[in-house]
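Novice: Below is the file model_5.txt, with compact mmCIF, C-alpha atoms and all ligand atoms.
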```txt
# COMPACT_ATOMS: atom_id res chain seq x y z
CA THR A 1284 46.97 16.33 -82.48
CA VAL A 1285 45.22 17.92 -79.51
CA LEU A 1286 42.94 20.87 -80.29
CA VAL A 1287 42.18 23.25 -77.43
CA ALA A 1288 39.19 25.50 -78.12
CA GLY A 1289 38.72 28.31 -75.64
CA SER A 1290 39.73 31.56 -74.03
CA ALA A 1291 42.80 33.74 -73.91
CA ASN A 1292 43.09 36.64 -71.47
CA LEU A 1293 45.80 39.04 -70.48
CA ASP A 1294 46.12 38.71 -66.68
CA PHE A 1295 46.69 41.87 -64.62
CA VAL A 1296 48.12 40.62 -61.35
CA VAL A 1297 48.53 42.47 -58.05
CA ARG A 1298 49.93 40.78 -54.95
CA VAL A 1299 47.99 41.73 -51.85
CA PRO A 1300 48.30 40.86 -48.14
CA HIS A 1301 44.75 39.50 -48.29
CA ILE A 1302 41.85 39.42 -50.79
CA PRO A 1303 39.78 42.60 -50.24
CA ALA A 1304 36.34 42.17 -48.67
CA PRO A 1305 33.40 43.98 -50.36
CA GLY A 1306 33.91 47.73 -49.93
CA GLU A 1307 37.48 47.32 -48.70
CA THR A 1308 40.59 48.82 -50.36
CA VAL A 1309 43.84 46.90 -50.03
CA LEU A 1310 47.25 48.31 -50.97
CA GLY A 1311 49.13 45.79 -53.06
CA SER A 1312 52.39 45.44 -54.98
CA ASN A 1313 53.13 46.90 -58.41
CA PHE A 1314 51.05 45.15 -60.98
CA LEU A 1315 52.41 42.65 -63.48
CA THR A 1316 50.88 41.33 -66.70
CA PHE A 1317 50.95 37.67 -67.69
CA PRO A 1318 49.41 35.71 -70.57
CA GLY A 1319 46.44 33.75 -69.22
CA GLY A 1320 42.92 32.54 -69.95
CA LYS A 1321 41.91 28.95 -69.25
CA GLY A 1322 42.02 27.87 -72.89
CA ALA A 1323 45.42 29.34 -73.69
CA ASN A 1324 46.87 28.14 -70.36
CA GLN A 1325 45.74 24.59 -71.13
CA ALA A 1326 47.11 24.77 -74.69
CA VAL A 1327 50.50 25.92 -73.37
CA ALA A 1328 50.47 23.13 -70.76
CA CYS A 1329 49.62 20.54 -73.39
CA ALA A 1330 52.35 21.75 -75.76
CA ARG A 1331 54.99 21.96 -73.01
CA ALA A 1332 54.17 18.44 -71.86
CA GLY A 1333 55.59 17.40 -75.23
CA GLY A 1334 55.00 14.35 -77.36
CA VAL A 1335 51.88 15.63 -79.09
CA PRO A 1336 51.25 18.56 -81.49
CA THR A 1337 48.89 21.16 -80.00
CA ARG A 1338 46.57 23.53 -81.85
CA MET A 1339 44.31 26.17 -80.36
CA LEU A 1340 41.16 27.95 -81.51
CA LEU A 1341 40.84 31.36 -79.82
CA ALA A 1342 39.41 34.82 -80.38
CA LEU A 1343 41.33 38.06 -79.87
CA GLY A 1344 40.46 41.72 -80.23
CA ALA A 1345 42.28 44.19 -82.47
CA ASP A 1346 44.13 45.88 -79.57
CA ASP A 1347 47.58 45.85 -77.99
CA PHE A 1348 46.67 43.05 -75.56
CA ALA A 1349 46.43 40.47 -78.36
CA ALA A 1350 50.15 40.37 -79.27
CA PRO A 1351 51.55 39.07 -75.95
CA LEU A 1352 48.90 36.34 -75.94
CA GLU A 1353 49.82 35.21 -79.45
CA GLN A 1354 53.50 35.38 -78.58
CA SER A 1355 53.10 33.17 -75.52
CA LEU A 1356 51.29 30.51 -77.54
CA ARG A 1357 53.91 30.67 -80.30
CA GLN A 1358 56.79 30.38 -77.82
CA ALA A 1359 55.24 27.25 -76.33
CA GLY A 1360 54.87 25.73 -79.81
CA VAL A 1361 51.08 25.99 -80.01
CA ASP A 1362 49.69 26.31 -83.54
CA ALA A 1363 47.19 29.13 -82.93
CA ARG A 1364 44.13 29.62 -85.10
CA VAL A 1365 42.97 33.14 -84.22
CA VAL A 1366 39.52 34.54 -84.90
CA ARG A 1367 40.09 38.31 -84.96
CA ILE A 1368 37.14 40.33 -83.61
CA ALA A 1369 37.59 43.91 -84.84
CA ASP A 1370 34.97 45.46 -82.55
CA ALA A 1371 35.76 43.66 -79.29
CA ALA A 1372 38.52 44.04 -76.72
CA THR A 1373 40.93 41.19 -76.10
CA GLY A 1374 39.93 39.29 -72.94
CA VAL A 1375 41.46 40.49 -69.69
CA ALA A 1376 41.49 39.18 -66.12
CA PHE A 1377 42.10 41.16 -62.93
CA ILE A 1378 43.76 38.95 -60.37
CA CYS A 1379 44.33 39.62 -56.68
CA LEU A 1380 46.97 37.24 -55.43
CA ALA A 1381 47.11 36.92 -51.64
CA ALA A 1382 50.17 36.11 -49.56
CA ASP A 1383 48.80 32.61 -48.87
CA ALA A 1384 48.68 31.99 -52.68
CA GLU A 1385 44.86 32.18 -52.69
CA ASN A 1386 43.44 34.31 -55.49
CA ALA A 1387 40.32 36.22 -56.53
CA ILE A 1388 39.76 36.76 -60.25
CA THR A 1389 37.48 39.00 -62.32
CA VAL A 1390 37.33 38.31 -66.07
CA ALA A 1391 36.16 40.66 -68.85
CA PRO A 1392 35.73 38.16 -71.70
CA GLY A 1393 35.67 40.62 -74.62
CA ALA A 1394 36.50 38.76 -77.85
CA ASN A 1395 36.29 35.36 -76.06
CA ALA A 1396 32.51 35.80 -75.84
CA ARG A 1397 32.29 35.98 -79.63
CA LEU A 1398 33.59 32.50 -80.50
CA GLN A 1399 30.96 30.49 -82.33
CA ALA A 1400 30.18 26.84 -82.95
CA ASP A 1401 31.16 27.07 -86.62
CA ASP A 1402 34.61 28.52 -85.83
CA LEU A 1403 35.82 24.98 -85.12
CA PRO A 1404 38.56 24.03 -87.62
CA ASP A 1405 38.76 20.77 -89.55
CA LEU A 1406 39.23 17.88 -87.11
CA SER A 1407 40.68 15.25 -89.43
CA ASP A 1408 44.06 15.06 -87.64
CA THR A 1409 42.64 15.70 -84.15
CA SER A 1410 42.50 12.93 -81.54
CA HIS A 1411 41.35 15.01 -78.55
CA LEU A 1412 39.38 18.25 -78.19
CA LEU A 1413 39.88 20.09 -74.88
CA MET A 1414 37.33 22.77 -73.86
CA GLN A 1415 36.47 24.98 -70.86
CA LEU A 1416 33.53 27.21 -69.94
CA GLU A 1417 35.08 30.64 -70.58
CA SER A 1418 33.55 30.42 -74.08
CA PRO A 1419 29.84 30.75 -74.95
CA LEU A 1420 27.92 27.64 -73.89
CA GLU A 1421 26.30 27.32 -77.34
CA ALA A 1422 29.74 27.31 -78.98
CA VAL A 1423 31.14 24.73 -76.54
CA THR A 1424 28.09 22.52 -77.03
CA GLY A 1425 28.39 22.82 -80.82
CA TRP A 1426 32.11 21.96 -80.77
CA ALA A 1427 31.52 18.94 -78.53
CA LEU A 1428 28.76 17.57 -80.76
CA VAL A 1429 30.80 17.99 -83.97
CA ALA A 1430 33.87 16.41 -82.36
CA ARG A 1431 31.88 13.51 -80.92
CA ASN A 1432 30.42 12.79 -84.36
CA ALA A 1433 33.90 12.92 -85.91
CA GLY A 1434 35.19 10.29 -83.46
CA VAL A 1435 37.34 12.82 -81.57
CA ARG A 1436 37.67 12.29 -77.78
CA THR A 1437 36.04 15.25 -76.04
CA VAL A 1438 37.42 16.58 -72.75
CA LEU A 1439 35.64 19.34 -70.83
CA ASN A 1440 37.15 21.24 -67.93
CA ALA A 1441 33.84 22.59 -66.59
CA ALA A 1442 35.34 25.83 -65.27
CA PRO A 1443 34.25 28.40 -64.29
CA ALA A 1444 31.40 26.51 -62.63
CA ARG A 1445 27.95 26.61 -64.17
CA SER A 1446 25.26 24.03 -64.74
CA LEU A 1447 25.57 22.21 -68.05
CA PRO A 1448 22.91 21.51 -70.67
CA ALA A 1449 22.26 17.74 -70.81
CA GLU A 1450 23.16 17.81 -74.50
CA LEU A 1451 26.67 19.08 -73.70
CA LEU A 1452 27.27 16.71 -70.81
CA ALA A 1453 26.20 13.77 -72.99
CA ALA A 1454 28.76 14.72 -75.68
CA ILE A 1455 31.72 14.70 -73.25
CA ASP A 1456 34.06 11.71 -72.89
CA VAL A 1457 36.17 13.02 -70.02
CA LEU A 1458 35.00 15.61 -67.49
CA VAL A 1459 37.59 17.45 -65.35
CA VAL A 1460 36.30 19.49 -62.39
CA ASN A 1461 37.33 20.78 -59.00
CA GLU A 1462 35.12 20.15 -55.97
CA GLY A 1463 33.10 23.36 -56.36
CA GLU A 1464 32.45 22.73 -60.05
CA LEU A 1465 31.47 19.13 -59.32
CA ALA A 1466 28.87 20.33 -56.79
CA VAL A 1467 27.36 22.84 -59.25
CA ILE A 1468 27.23 20.43 -62.19
CA SER A 1469 25.91 17.45 -60.26
CA GLY A 1470 23.62 19.46 -57.96
CA GLU A 1471 25.06 17.43 -55.08
CA SER A 1472 27.23 19.18 -52.51
CA GLY A 1473 27.73 16.07 -50.38
CA PRO A 1474 30.48 13.46 -50.74
CA ILE A 1475 32.49 13.44 -53.98
CA ALA A 1476 31.57 9.82 -54.70
CA THR A 1477 27.86 10.62 -54.49
CA ALA A 1478 28.21 13.66 -56.76
CA VAL A 1479 30.29 11.75 -59.33
CA GLU A 1480 27.80 8.89 -59.30
CA ARG A 1481 24.94 11.30 -59.92
CA LEU A 1482 26.66 12.56 -63.10
CA GLY A 1483 26.54 9.06 -64.57
CA LYS A 1484 29.63 9.70 -66.72
CA ALA A 1485 32.23 7.02 -67.51
CA ASN A 1486 35.27 9.27 -66.97
CA VAL A 1487 35.31 11.97 -64.30
CA VAL A 1488 38.47 13.55 -62.88
CA VAL A 1489 38.20 15.67 -59.71
CA THR A 1490 41.04 17.97 -58.63
CA LEU A 1491 41.40 18.61 -54.90
CA GLY A 1492 43.95 21.43 -54.70
CA ALA A 1493 46.87 20.59 -52.40
CA HIS A 1494 45.17 17.25 -51.68
CA GLY A 1495 45.79 16.10 -55.26
CA SER A 1496 43.16 14.52 -57.44
CA CYS A 1497 41.01 11.47 -57.94
CA ALA A 1498 39.24 9.94 -60.90
CA HIS A 1499 36.32 7.63 -61.49
CA ILE A 1500 37.19 5.75 -64.68
CA ASP A 1501 34.87 3.03 -65.99
CA GLY A 1502 33.66 2.31 -62.47
CA GLU A 1503 37.12 2.23 -60.84
CA TRP A 1504 38.55 4.90 -58.53
CA LEU A 1505 42.08 6.20 -58.99
CA VAL A 1506 43.72 8.43 -56.38
CA GLN A 1507 46.69 10.70 -57.03
CA SER A 1508 48.33 12.82 -54.35
CA ALA A 1509 49.74 16.27 -55.10
CA PHE A 1510 53.50 16.79 -54.99
CA ALA A 1511 54.57 18.83 -51.97
CA VAL A 1512 55.77 22.27 -53.08
CA ASP A 1513 56.05 25.78 -51.69
CA ALA A 1514 53.09 27.36 -53.50
CA VAL A 1515 53.45 31.05 -54.43
CA ASP A 1516 50.79 31.34 -57.17
CA THR A 1517 48.16 28.68 -57.81
CA THR A 1518 46.70 30.61 -60.81
CA GLY A 1519 46.74 28.18 -63.70
CA ALA A 1520 47.37 25.06 -61.58
CA GLY A 1521 44.08 23.52 -62.68
CA ASP A 1522 44.76 24.53 -66.29
CA THR A 1523 48.24 23.02 -66.20
CA PHE A 1524 46.67 19.85 -64.81
CA CYS A 1525 44.13 19.69 -67.69
CA GLY A 1526 46.67 20.38 -70.45
CA ALA A 1527 49.17 17.83 -69.13
CA LEU A 1528 46.42 15.26 -68.57
CA VAL A 1529 45.17 15.48 -72.16
CA ALA A 1530 48.73 15.48 -73.56
CA ALA A 1531 49.36 12.18 -71.75
CA LEU A 1532 46.03 10.67 -72.85
CA ALA A 1533 46.70 11.73 -76.46
CA GLN A 1534 50.06 9.96 -76.26
CA GLY A 1535 48.18 6.78 -75.46
CA HIS A 1536 48.81 6.63 -71.72
CA GLY A 1537 46.16 5.34 -69.35
CA PHE A 1538 44.51 7.53 -66.72
CA ALA A 1539 46.83 6.46 -63.89
CA VAL A 1540 49.94 7.69 -65.74
CA ALA A 1541 48.10 10.75 -67.06
CA LEU A 1542 46.96 11.75 -63.53
CA ARG A 1543 50.48 11.40 -62.17
CA ARG A 1544 51.99 13.55 -64.90
CA ALA A 1545 49.21 16.13 -64.62
CA SER A 1546 49.67 16.29 -60.87
CA ALA A 1547 53.43 16.79 -61.11
CA ALA A 1548 53.06 19.53 -63.75
CA ALA A 1549 50.32 21.30 -61.77
CA SER A 1550 52.28 21.19 -58.51
CA LEU A 1551 55.31 22.73 -60.22
CA ALA A 1552 53.09 25.43 -61.74
CA CYS A 1553 52.18 26.53 -58.19
CA THR A 1554 55.80 27.41 -57.46
CA ARG A 1555 55.93 30.21 -60.05
CA MET A 1556 54.12 33.46 -60.82
CA GLY A 1557 51.93 33.65 -63.91
CA ALA A 1558 49.54 31.16 -65.45
CA GLN A 1559 51.35 30.33 -68.69
CA ALA A 1560 54.68 31.60 -67.37
CA GLY A 1561 54.36 29.07 -64.54
CA VAL A 1562 53.80 25.98 -66.70
CA PRO A 1563 56.86 23.73 -66.28
CA GLN A 1564 58.89 22.21 -69.11
CA ALA A 1565 58.63 18.45 -69.72
CA VAL A 1566 62.15 17.84 -68.34
CA GLU A 1567 61.21 19.45 -65.02
CA VAL A 1568 58.17 17.19 -64.74
CA GLU A 1569 60.31 14.12 -65.56
CA GLU A 1570 62.76 15.15 -62.86
CA LEU A 1571 60.03 15.50 -60.22
CA LEU A 1572 58.52 12.14 -61.22
CA ALA A 1573 61.92 10.41 -61.05
CA ASN A 1574 62.53 11.52 -57.43
P1 LIG B 1 41.58 24.70 -59.59
O1 LIG B 1 42.64 25.74 -59.51
O2 LIG B 1 41.04 24.50 -60.96
O3 LIG B 1 40.52 24.82 -58.53
P2 LIG B 1 42.90 22.75 -57.94
O4 LIG B 1 43.06 23.83 -56.91
O5 LIG B 1 42.14 21.55 -57.59
O6 LIG B 1 42.33 23.33 -59.32
O7 LIG B 1 44.37 22.36 -58.40
C1 LIG B 1 44.61 21.57 -59.54
C2 LIG B 1 45.79 20.67 -59.28
O8 LIG B 1 46.94 21.49 -59.02
C3 LIG B 1 45.66 19.76 -58.07
O9 LIG B 1 45.02 18.55 -58.43
C4 LIG B 1 47.12 19.54 -57.69
O10 LIG B 1 47.70 18.53 -58.49
C5 LIG B 1 47.77 20.88 -58.05
N1 LIG B 1 47.83 21.79 -56.88
C6 LIG B 1 46.96 22.78 -56.56
N2 LIG B 1 47.33 23.41 -55.42
C7 LIG B 1 48.47 22.81 -55.01
C8 LIG B 1 49.37 22.99 -53.90
N3 LIG B 1 49.17 23.95 -52.98
N4 LIG B 1 50.45 22.17 -53.83
C9 LIG B 1 50.68 21.22 -54.75
N5 LIG B 1 49.87 20.99 -55.81
C10 LIG B 1 48.79 21.75 -55.95
```
Output the file's structure in the form of structure tokens.
Specialist:
Amino acid sequence: TVLVAGSANLDFVVRVPHIPAPGETVLGSNFLTFPGGKGANQAVACARAGGVPTRMLLALGADDFAAPLEQSLRQAGVDARVVRIADAATGVAFICLAADAENAITVAPGANARLQADDLPDLSDTSHLLMQLESPLEAVTGWALVARNAGVRTVLNAAPARSLPAELLAAIDVLVVNEGELAVISGESGPIATAVERLGKANVVVTLGAHGSCAHIDGEWLVQSAFAVDAVDTTGAGDTFCGALVAALAQGHGFAVALRRASAAASLACTRMGAQAGVPQAVEVEELLAN
């Protein structure tokens, strides 16, 4: 089983001609709501990849925004373990989606900020724990340490970017970052190879947007191109990548196969609106990989 511990947000999305500059007002489309949040997106992506049961630890408020988030997880087949926070709002994200598929996102974490280290469920049937940084750093660090001690493989998608306590970094088996996150965590904004080297971790995966991804695994570099698609909404592409990657690793695949599957799933996710709504089914990924 894969356990995803992290955030769930209801995304409020408006399409705009361009992302507003500070002080600017931009007239957009009607707004749409979609289930989102890095944790829940990654759980949905892991479950839809198939082949491995997926559980998720998340926190929700006692308001109307919680139900669609629970429903999306249920529909994807994620076994959700919800910590209900009576005096907090469910997490929400305000997303401006530009015509060129670029986005700008503001998150109000609400209940997500109240997850704690001791909320982690029993790990006896868990092979991999997947985390992000939309949860309190103390909680993420606590989860990683407990999982490490229990022999569970720990995977951290270090997003949104922030510098990591050494204790947390040391407890991570696989780090997944984009270029910006890599620069923040390593303190090196130069070449990717230099930044990865500075981290001194055995397994680092770097996503490169439309350029694909690369990984430094036990001293060897792997390179995976993206699949060419007409991108309409890249929200959740990185999350889809992480969920599909861990699903493949938990099925016993090596990093080369896992990167390829993650890349195909993430590219397909760019062709559809919505973070969780955009996560492809396993058959669609198979089809893309077969071509
Ligand atoms: P994040 O959104 O976390 O910054 P990236 O932008 O690096 O993550 O995207 C994650 C993955 O999604 C990439 O490695 C790639 O596989 C896929 N992807 C992102 N943008 C595109 C695109 N325009 N076309 C095809 N695939 C894409």
Novice: Any idea what the distance is between CA of Thr1373 (chain A) and CA of Glu1464 (chain A)?
Specialist: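 Rounded to one decimal, the two atoms are 25.9 Å apart.
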Novice: So that I can check the surroundings of Ala1441 (chain A), please list as a PDB file with C-alpha atoms, in the frame of the given file every protein, DNA and RNA residue that reaches within 9 Å of it, counting only C-alpha atoms and ignoring chain neighbours fewer than 5 positions away.
Specialist:
```pdb
ATOM      1  CA  MET A1414      37.330  22.770 -73.860  1.00  0.00           C
ATOM      2  CA  GLN A1415      36.470  24.980 -70.860  1.00  0.00           C
ATOM      3  CA  LEU A1416      33.530  27.210 -69.940  1.00  0.00           C
ATOM      4  CA  SER A1446      25.260  24.030 -64.740  1.00  0.00           C
ATOM      5  CA  LEU A1447      25.570  22.210 -68.050  1.00  0.00           C
ATOM      6  CA  LEU A1458      35.000  15.610 -67.490  1.00  0.00           C
ATOM      7  CA  VAL A1459      37.590  17.450 -65.350  1.00  0.00           C
ATOM      8  CA  VAL A1460      36.300  19.490 -62.390  1.00  0.00           C
ATOM      9  CA  ASN A1461      37.330  20.780 -59.000  1.00  0.00           C
ATOM     10  CA  GLU A1464      32.450  22.730 -60.050  1.00  0.00           C
ATOM     11  CA  LEU A1465      31.470  19.130 -59.320  1.00  0.00           C
ATOM     12  CA  ILE A1468      27.230  20.430 -62.190  1.00  0.00           C
TER      13      ILE A1468
END
```
Novice: In Å, how far is it from CA of Asp1346 (chain A) to CA of Glu1421 (chain A)?
Specialist: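 Between CA of Asp1346 (chain A) and CA of Glu1421 (chain A) the gap is 25.8 Å.
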Novice: What residues of the protein or nucleic acid chains come within 8 Å of ligand LIG 1 (chain B) when you use all atoms listed in the file? Reply as a PDB file with C-alpha atoms, in the frame of the given file.
Specialist:
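Once everything was written out, this is result.pdb:
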```pdb
ATOM      1  CA  ALA A1442      35.340  25.830 -65.270  1.00  0.00           C
ATOM      2  CA  VAL A1460      36.300  19.490 -62.390  1.00  0.00           C
ATOM      3  CA  ASN A1461      37.330  20.780 -59.000  1.00  0.00           C
ATOM      4  CA  GLU A1462      35.120  20.150 -55.970  1.00  0.00           C
ATOM      5  CA  GLY A1463      33.100  23.360 -56.360  1.00  0.00           C
ATOM      6  CA  VAL A1489      38.200  15.670 -59.710  1.00  0.00           C
ATOM      7  CA  THR A1490      41.040  17.970 -58.630  1.00  0.00           C
ATOM      8  CA  LEU A1491      41.400  18.610 -54.900  1.00  0.00           C
ATOM      9  CA  GLY A1492      43.950  21.430 -54.700  1.00  0.00           C
ATOM     10  CA  ALA A1493      46.870  20.590 -52.400  1.00  0.00           C
ATOM     11  CA  HIS A1494      45.170  17.250 -51.680  1.00  0.00           C
ATOM     12  CA  GLY A1495      45.790  16.100 -55.260  1.00  0.00           C
ATOM     13  CA  SER A1496      43.160  14.520 -57.440  1.00  0.00           C
ATOM     14  CA  SER A1508      48.330  12.820 -54.350  1.00  0.00           C
ATOM     15  CA  ALA A1509      49.740  16.270 -55.100  1.00  0.00           C
ATOM     16  CA  PHE A1510      53.500  16.790 -54.990  1.00  0.00           C
ATOM     17  CA  ALA A1511      54.570  18.830 -51.970  1.00  0.00           C
ATOM     18  CA  VAL A1512      55.770  22.270 -53.080  1.00  0.00           C
ATOM     19  CA  ASP A1513      56.050  25.780 -51.690  1.00  0.00           C
ATOM     20  CA  ALA A1514      53.090  27.360 -53.500  1.00  0.00           C
ATOM     21  CA  THR A1517      48.160  28.680 -57.810  1.00  0.00           C
ATOM     22  CA  THR A1518      46.700  30.610 -60.810  1.00  0.00           C
ATOM     23  CA  GLY A1519      46.740  28.180 -63.700  1.00  0.00           C
ATOM     24  CA  ALA A1520      47.370  25.060 -61.580  1.00  0.00           C
ATOM     25  CA  GLY A1521      44.080  23.520 -62.680  1.00  0.00           C
ATOM     26  CA  ASP A1522      44.760  24.530 -66.290  1.00  0.00           C
ATOM     27  CA  THR A1523      48.240  23.020 -66.200  1.00  0.00           C
ATOM     28  CA  PHE A1524      46.670  19.850 -64.810  1.00  0.00           C
ATOM     29  CA  ALA A1545      49.210  16.130 -64.620  1.00  0.00           C
ATOM     30  CA  SER A1546      49.670  16.290 -60.870  1.00  0.00           C
ATOM     31  CA  ALA A1547      53.430  16.790 -61.110  1.00  0.00           C
ATOM     32  CA  ALA A1548      53.060  19.530 -63.750  1.00  0.00           C
ATOM     33  CA  ALA A1549      50.320  21.300 -61.770  1.00  0.00           C
ATOM     34  CA  SER A1550      52.280  21.190 -58.510  1.00  0.00           C
ATOM     35  CA  LEU A1551      55.310  22.730 -60.220  1.00  0.00           C
ATOM     36  CA  ALA A1552      53.090  25.430 -61.740  1.00  0.00           C
ATOM     37  CA  CYS A1553      52.180  26.530 -58.190  1.00  0.00           C
TER      38      CYS A1553
END
```
Novice: Which residue, A:Thr1554, A:Ser1355, A:Asn1324, A:Asn1386, has the smallest gap to Pro1300 (chain A) when you use only C-alpha atoms?
Specialist: A:Asn1386
Novice: Hey, which of A:Glu1471, A:Glu1503, A:Asp1401, A:Glu1480 ends up closest to Val1423 (chain A)? Count only C-alpha atoms.
Specialist: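 Counting only C-alpha atoms, the residue closest to Val1423 (chain A) is A:Asp1401.
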Novice: Considering all atoms listed in the file, state which residue in the set A:Cys1497, A:Ile1455, A:Asn1574, A:Gln1534 is at the smallest distance from Ile1475 (chain A).
Specialist: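 Comparing A:Cys1497, A:Ile1455, A:Asn1574, A:Gln1534 against Ile1475 (chain A), the winner is A:Cys1497.
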Novice: Using the file's own x, y and z axes, what box holds all listed atoms of region 1306-1315 of chain A with 6 Å on each side, keeping edges along x, y and z, and what are its centre and edge lengths in Å to one decimal, as lines of an AutoDock Vina configuration file?
Specialist:
```
center_x = 43.5
center_y = 45.7
center_z = -56.1
size_x = 31.2
size_y = 18.2
size_z = 26.8
```
Novice: Export region 1484-1502 of chain A, N, CA and C atoms, as an mmCIF file, in the first residue's frame; it's the structure right above.
Specialist:
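Writing done, so here's selection-v3.cif:
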```cif
data_model
loop_
_atom_site.group_PDB
_atom_site.id
_atom_site.type_symbol
_atom_site.label_atom_id
_atom_site.label_comp_id
_atom_site.auth_asym_id
_atom_site.auth_seq_id
_atom_site.Cartn_x
_atom_site.Cartn_y
_atom_site.Cartn_z
ATOM 1 N N LYS A 1484 21.973 13.304 -1.902
ATOM 2 C CA LYS A 1484 20.966 12.260 -1.710
ATOM 3 C C LYS A 1484 21.128 11.193 -2.776
ATOM 4 N N ALA A 1485 20.776 9.941 -2.440
ATOM 5 C CA ALA A 1485 20.938 8.830 -3.382
ATOM 6 C C ALA A 1485 19.939 8.890 -4.531
ATOM 7 N N ASN A 1486 18.718 9.368 -4.249
ATOM 8 C CA ASN A 1486 17.663 9.349 -5.273
ATOM 9 C C ASN A 1486 16.986 10.712 -5.387
ATOM 10 N N VAL A 1487 17.307 11.429 -6.464
ATOM 11 C CA VAL A 1487 16.686 12.739 -6.685
ATOM 12 C C VAL A 1487 16.078 12.775 -8.084
ATOM 13 N N VAL A 1488 14.801 13.139 -8.153
ATOM 14 C CA VAL A 1488 14.112 13.259 -9.435
ATOM 15 C C VAL A 1488 13.810 14.739 -9.648
ATOM 16 N N VAL A 1489 14.146 15.260 -10.832
ATOM 17 C CA VAL A 1489 13.907 16.677 -11.136
ATOM 18 C C VAL A 1489 12.962 16.764 -12.335
ATOM 19 N N THR A 1490 11.823 17.444 -12.145
ATOM 20 C CA THR A 1490 10.908 17.635 -13.279
ATOM 21 C C THR A 1490 11.230 18.952 -13.966
ATOM 22 N N LEU A 1491 11.090 18.961 -15.296
ATOM 23 C CA LEU A 1491 11.543 20.087 -16.115
ATOM 24 C C LEU A 1491 10.432 20.603 -17.015
ATOM 25 N N GLY A 1492 9.176 20.539 -16.525
ATOM 26 C CA GLY A 1492 8.053 21.022 -17.315
ATOM 27 C C GLY A 1492 7.971 20.319 -18.663
ATOM 28 N N ALA A 1493 7.756 21.088 -19.730
ATOM 29 C CA ALA A 1493 7.619 20.507 -21.071
ATOM 30 C C ALA A 1493 8.901 19.812 -21.538
ATOM 31 N N HIS A 1494 10.015 20.055 -20.827
ATOM 32 C CA HIS A 1494 11.268 19.390 -21.197
ATOM 33 C C HIS A 1494 11.393 17.997 -20.588
ATOM 34 N N GLY A 1495 10.400 17.590 -19.767
ATOM 35 C CA GLY A 1495 10.437 16.244 -19.220
ATOM 36 C C GLY A 1495 11.006 16.183 -17.816
ATOM 37 N N SER A 1496 11.876 15.230 -17.601
ATOM 38 C CA SER A 1496 12.413 15.042 -16.251
ATOM 39 C C SER A 1496 13.744 14.307 -16.333
ATOM 40 N N CYS A 1497 14.492 14.388 -15.232
ATOM 41 C CA CYS A 1497 15.715 13.609 -15.137
ATOM 42 C C CYS A 1497 15.850 13.127 -13.702
ATOM 43 N N ALA A 1498 16.695 12.149 -13.488
ATOM 44 C CA ALA A 1498 16.846 11.613 -12.139
ATOM 45 C C ALA A 1498 18.272 11.163 -11.911
ATOM 46 N N HIS A 1499 18.733 11.403 -10.713
ATOM 47 C CA HIS A 1499 20.073 10.963 -10.304
ATOM 48 C C HIS A 1499 19.854 9.836 -9.290
ATOM 49 N N ILE A 1500 20.051 8.600 -9.732
ATOM 50 C CA ILE A 1500 19.728 7.433 -8.925
ATOM 51 C C ILE A 1500 20.997 6.626 -8.662
ATOM 52 N N ASP A 1501 21.395 6.560 -7.425
ATOM 53 C CA ASP A 1501 22.614 5.827 -7.040
ATOM 54 C C ASP A 1501 23.789 6.177 -7.946
ATOM 55 N N GLY A 1502 23.956 7.473 -8.218
ATOM 56 C CA GLY A 1502 25.108 7.929 -8.985
ATOM 57 C C GLY A 1502 24.951 7.896 -10.492
#
```
